[in-house]
Amino acid sequence: MKLIKAIIRPNKLEEVKDALTKLSIAGMTVTEVRGHGRQKGHKAVYRGTEYNVTLLPKIMIELVIQDAAAEDVIKTIIESARTGEIGDGRVFVIPIEDGYNIRTGERDVV
Amino acid sequence: MTPVGIKDLLLATRLDRDQVTQLLTPYGFKDPVKADANLQAVAHDPSERRVLADTLEELLVCTSQSADPDQALNYFERFARASIHKTRLFSYLKDSPQTMDVLVKTLGASPYMAEILIRDPHHFYWLTEPHILYRSRKKREIERELAQTLRIIHDEQKQLDYLRFFKRRQMLQIGVRDLLRLSTVEETLTALSVLAEALITAAYWICASALRKEYEIPKSVFTRFTILGMGKLGGSELNFSSDVDLLYVYASDSESFGELSAVDYFRRLCRKITAGLNELTGEGYVYRVDLRLRPEGAGDIAYSLDGFKRYYQTRVGTWERLALLKARPVAGNRALGRDFLEMAREFIYGKPFDLKAVEDIRSMKRRIDLILAAREQTARNVKLGTGGIREIELIAQSLQVGNGAQIPRLHERNTLKALRALHDESLLTSEEHGILAGAYVFLRDVENKLQMANDAQTHSLPREQEELAVCIRTLGYIDVETFLRDYRNHTSLVNRIFERRVSQQLL
């Protein structure tokens, strides 16, 4: 099993969700986060005072999938979240040792 | 009474009605009690309340500076409710007060823009990225983005739905830039036209690809068809709620593609494109398409180049000559588009612009005047009223058609550019040019703001004094009287020139 963590532009959420649904990935966790990578925020002027907006709004999507599906899922996220501009985000892939269903206590199979 | 601070609106254990009214009245609310109810609804749990309280003063200051503070707060409540994580939203607004200003002024000025934001709250983060908010998007950039996403959607209906979704988001960017005066009126009209062109091109591509697959049509068919933008689209001067006037042209009647004749194929294609643009789905619509400028204004949906030629040879009237002046290829094969323009030029400028033509324009204008008088809109209709946009267009177009045969520089589709060319060629005096161009920009700005109030095709100043007051604040006016004085001033000067130039035949 793999945990896919994707940090994407907020306005790309619907497109990514739609694209993932097509791969029959139904379950995912979506969190609104703030952060920065190479797109190190920007300067703005407000009533004559300059200030830095360093942490930009992003969306984090987390989903757990079978190893065999990883390649397709990663490709789909990249294709649907991409604009070609700095700030498109990142996809991380993390191996998972185990998962359990809380309601049943059973060892989960994705 | 214990003195209370603004944060107490959210953090105090109890406040009475007087205290609430006292705290909120300075921010310009007509109904402070309702405004308070909105504030209470914005933040439910204590952590949200604390974060919002930290930025409450900024929120209220921005609200008070918006065109309609009550409306702004009302929409702010709905917007916050629609977002995934209110605490994150409030903390972002706190760290980035400029974005608070953008958000609240937009919500207070335009229900149309507000509804787009509420429907897709994430568009707000996209909108406030500096490279989106502070510059016009180029056509290339829009087309690239559209193509990138359309490539990964395979279903035709979903592709068309994506166009509707995409249009909403782009309209938000153009609208907010216009409202905050980050773009000039001319830039707004150009941006709206560039967007329409990109979306019509994409709709054509989607429909043609689907039809080609269905009937196994060779790729060469793409060189045999073009779409012409007419009217405001042709002139690159669309407004927020414009219909798009289109003409569909194909190369020749005698060809066939796969099992279909050219006539059959292109009729199917054009019906598909029109339906794709017109159809209202859960995602909205792309554009209302107006095809009434085609031969006879009814009948076949598409014509071959020869078909158009035959029609214009027998039937071209003054009205068609003025309309053809605006034709511009917006999608499909550009070479075929150029062939159409070359053919049209002959009909626009081929015969003199005589007394009969002037009389046609006058009678056309009289018909419009009668309709408006019946609706009691003569002094309120920005587009068709006395001294309105239509009079400016008729002055420019009549002078262009009347003199274009000798002066190719007058072959201009855009009204402001045409006025400039007429002035450079000494067909308008400096004074006339100043009046007409100034009034055109003023009136188009008013029209934009009227249409942005809702996505409605309205051209009339509201009868209700209060509604008018909100509208003129989005134009930068403080009181209705000053606005009406300027409005009357512009329109009476335009009408004087119209009467002199067109009604008295001094072309």
# chains A, B, ... in the order shown; residues from 1 in each chain; ligands from 1

call {"tool": "interface_residues", "arguments": {"of": "chain B", "to": "chain A", "cutoff": "9 Å", "atoms": "only C-alpha atoms", "output": "number ranges by chain"}}
result
B: 84-85, 88-89, 92, 95-98, 120-126, 129-130, 145, 148-149, 152-153

call {"tool": "residues_around", "arguments": {"residues": "stretch 342-354 of chain B", "least_positions_apart": "6", "cutoff": "7 Å", "atoms": "only C-alpha atoms", "output": "ChimeraX atom specification"}}
result
/B:321,324-325,401-402,404-405

call {"tool": "residues_around", "arguments": {"residues": "stretch 388-394 of chain B", "least_positions_apart": "5", "cutoff": "9 Å", "atoms": "only C-alpha atoms", "output": "PyMOL selection string"}}
result
chain B and resi 322+361+365+381-383+399+415+436-437+439-440+443-444+490-491+494-495+497-498+502

call {"tool": "select_by_dssp", "arguments": {"residues": "stretch 203-409 of chain B", "states": "strand (DSSP E or B)", "output": "NGL selection string"}}
result
:B and (225-230 or 244-250 or 256-257 or 260-261 or 281 or 284 or 289-290 or 302-304 or 328-332 or 381)

call {"tool": "residues_around", "arguments": {"residues": "B:Gly231", "least_positions_apart": "5", "cutoff": "12 Å", "atoms": "only C-alpha atoms", "output": "number ranges by chain"}}
result
B: 193, 236-239, 242-247, 289-293, 319-320, 322-328, 390, 393, 397, 413-415

call {"tool": "atom_distance", "arguments": {"atom1": "atom CA of A:His36", "atom2": "atom CA of A:Arg90"}}
result
10.8 Å

call {"tool": "residues_around", "arguments": {"residues": "stretch 31-42 of chain B", "least_positions_apart": "6", "cutoff": "6 Å", "atoms": "only C-alpha atoms", "output": "PyMOL selection string"}}
result
chain B and resi 21+24+77

call {"tool": "atom_distance", "arguments": {"atom1": "atom CA of B:Pro295", "atom2": "atom CA of B:Gly307"}}
result
8.9 Å

call {"tool": "residues_around", "arguments": {"residues": "A:Lys2", "least_positions_apart": "5", "cutoff": "12 Å", "atoms": "only C-alpha atoms", "output": "ChimeraX atom specification"}}
result
/A:62-71,73-74,92-99,109-110

call {"tool": "decode", "arguments": {"residues": "stretch 283-304 of chain B", "atoms": "N, CA and C atoms", "output": "PDB file, in the first residue's frame"}}
result
ATOM      1  N   GLU B 283     -23.500  23.585 -14.904  1.00  0.00           N
ATOM      2  CA  GLU B 283     -22.320  24.457 -14.867  1.00  0.00           C
ATOM      3  C   GLU B 283     -22.599  25.838 -15.476  1.00  0.00           C
ATOM      4  N   GLY B 284     -23.833  26.089 -15.910  1.00  0.00           N
ATOM      5  CA  GLY B 284     -24.144  27.376 -16.549  1.00  0.00           C
ATOM      6  C   GLY B 284     -24.132  27.232 -18.066  1.00  0.00           C
ATOM      7  N   TYR B 285     -23.840  28.320 -18.770  1.00  0.00           N
ATOM      8  CA  TYR B 285     -23.776  28.255 -20.234  1.00  0.00           C
ATOM      9  C   TYR B 285     -22.503  28.948 -20.689  1.00  0.00           C
ATOM     10  N   VAL B 286     -22.119  28.703 -21.943  1.00  0.00           N
ATOM     11  CA  VAL B 286     -20.907  29.383 -22.427  1.00  0.00           C
ATOM     12  C   VAL B 286     -21.308  30.773 -22.947  1.00  0.00           C
ATOM     13  N   TYR B 287     -22.065  30.824 -24.028  1.00  0.00           N
ATOM     14  CA  TYR B 287     -22.576  32.108 -24.534  1.00  0.00           C
ATOM     15  C   TYR B 287     -23.956  31.921 -25.141  1.00  0.00           C
ATOM     16  N   ARG B 288     -24.755  32.956 -25.114  1.00  0.00           N
ATOM     17  CA  ARG B 288     -25.968  32.945 -25.931  1.00  0.00           C
ATOM     18  C   ARG B 288     -25.535  33.317 -27.343  1.00  0.00           C
ATOM     19  N   VAL B 289     -25.885  32.460 -28.290  1.00  0.00           N
ATOM     20  CA  VAL B 289     -25.444  32.699 -29.662  1.00  0.00           C
ATOM     21  C   VAL B 289     -26.577  33.350 -30.448  1.00  0.00           C
ATOM     22  N   ASP B 290     -26.250  34.392 -31.179  1.00  0.00           N
ATOM     23  CA  ASP B 290     -27.224  35.057 -32.031  1.00  0.00           C
ATOM     24  C   ASP B 290     -26.788  34.851 -33.478  1.00  0.00           C
ATOM     25  N   LEU B 291     -27.642  34.182 -34.260  1.00  0.00           N
ATOM     26  CA  LEU B 291     -27.274  33.891 -35.653  1.00  0.00           C
ATOM     27  C   LEU B 291     -28.111  34.715 -36.632  1.00  0.00           C
ATOM     28  N   ARG B 292     -28.778  35.752 -36.115  1.00  0.00           N
ATOM     29  CA  ARG B 292     -29.720  36.475 -36.981  1.00  0.00           C
ATOM     30  C   ARG B 292     -29.059  37.328 -38.054  1.00  0.00           C
ATOM     31  N   LEU B 293     -27.735  37.447 -38.000  1.00  0.00           N
ATOM     32  CA  LEU B 293     -27.078  38.227 -39.051  1.00  0.00           C
ATOM     33  C   LEU B 293     -26.812  37.380 -40.292  1.00  0.00           C
ATOM     34  N   ARG B 294     -27.180  36.091 -40.250  1.00  0.00           N
ATOM     35  CA  ARG B 294     -26.973  35.262 -41.444  1.00  0.00           C
ATOM     36  C   ARG B 294     -28.021  35.629 -42.509  1.00  0.00           C
ATOM     37  N   PRO B 295     -27.799  35.194 -43.762  1.00  0.00           N
ATOM     38  CA  PRO B 295     -28.745  35.551 -44.820  1.00  0.00           C
ATOM     39  C   PRO B 295     -30.200  35.295 -44.419  1.00  0.00           C
ATOM     40  N   GLU B 296     -31.029  36.250 -44.663  1.00  0.00           N
ATOM     41  CA  GLU B 296     -32.469  36.222 -44.327  1.00  0.00           C
ATOM     42  C   GLU B 296     -32.718  36.289 -42.825  1.00  0.00           C
ATOM     43  N   GLY B 297     -31.685  36.191 -42.029  1.00  0.00           N
ATOM     44  CA  GLY B 297     -31.867  36.207 -40.576  1.00  0.00           C
ATOM     45  C   GLY B 297     -32.498  34.929 -40.055  1.00  0.00           C
ATOM     46  N   ALA B 298     -32.738  33.981 -40.945  1.00  0.00           N
ATOM     47  CA  ALA B 298     -33.330  32.700 -40.541  1.00  0.00           C
ATOM     48  C   ALA B 298     -32.919  31.670 -41.588  1.00  0.00           C
ATOM     49  N   GLY B 299     -33.520  30.509 -41.551  1.00  0.00           N
ATOM     50  CA  GLY B 299     -33.201  29.509 -42.584  1.00  0.00           C
ATOM     51  C   GLY B 299     -31.956  28.733 -42.235  1.00  0.00           C
ATOM     52  N   ASP B 300     -31.124  28.454 -43.260  1.00  0.00           N
ATOM     53  CA  ASP B 300     -29.964  27.593 -43.026  1.00  0.00           C
ATOM     54  C   ASP B 300     -29.037  28.190 -41.987  1.00  0.00           C
ATOM     55  N   ILE B 301     -28.411  27.273 -41.240  1.00  0.00           N
ATOM     56  CA  ILE B 301     -27.552  27.730 -40.142  1.00  0.00           C
ATOM     57  C   ILE B 301     -26.171  28.136 -40.666  1.00  0.00           C
ATOM     58  N   ALA B 302     -25.719  27.468 -41.754  1.00  0.00           N
ATOM     59  CA  ALA B 302     -24.403  27.771 -42.319  1.00  0.00           C
ATOM     60  C   ALA B 302     -24.527  27.943 -43.822  1.00  0.00           C
ATOM     61  N   TYR B 303     -23.654  28.751 -44.385  1.00  0.00           N
ATOM     62  CA  TYR B 303     -23.651  28.966 -45.835  1.00  0.00           C
ATOM     63  C   TYR B 303     -22.240  28.807 -46.364  1.00  0.00           C
ATOM     64  N   SER B 304     -22.138  28.436 -47.638  1.00  0.00           N
ATOM     65  CA  SER B 304     -20.814  28.401 -48.254  1.00  0.00           C
ATOM     66  C   SER B 304     -20.442  29.838 -48.614  1.00  0.00           C
TER      67      SER B 304
END
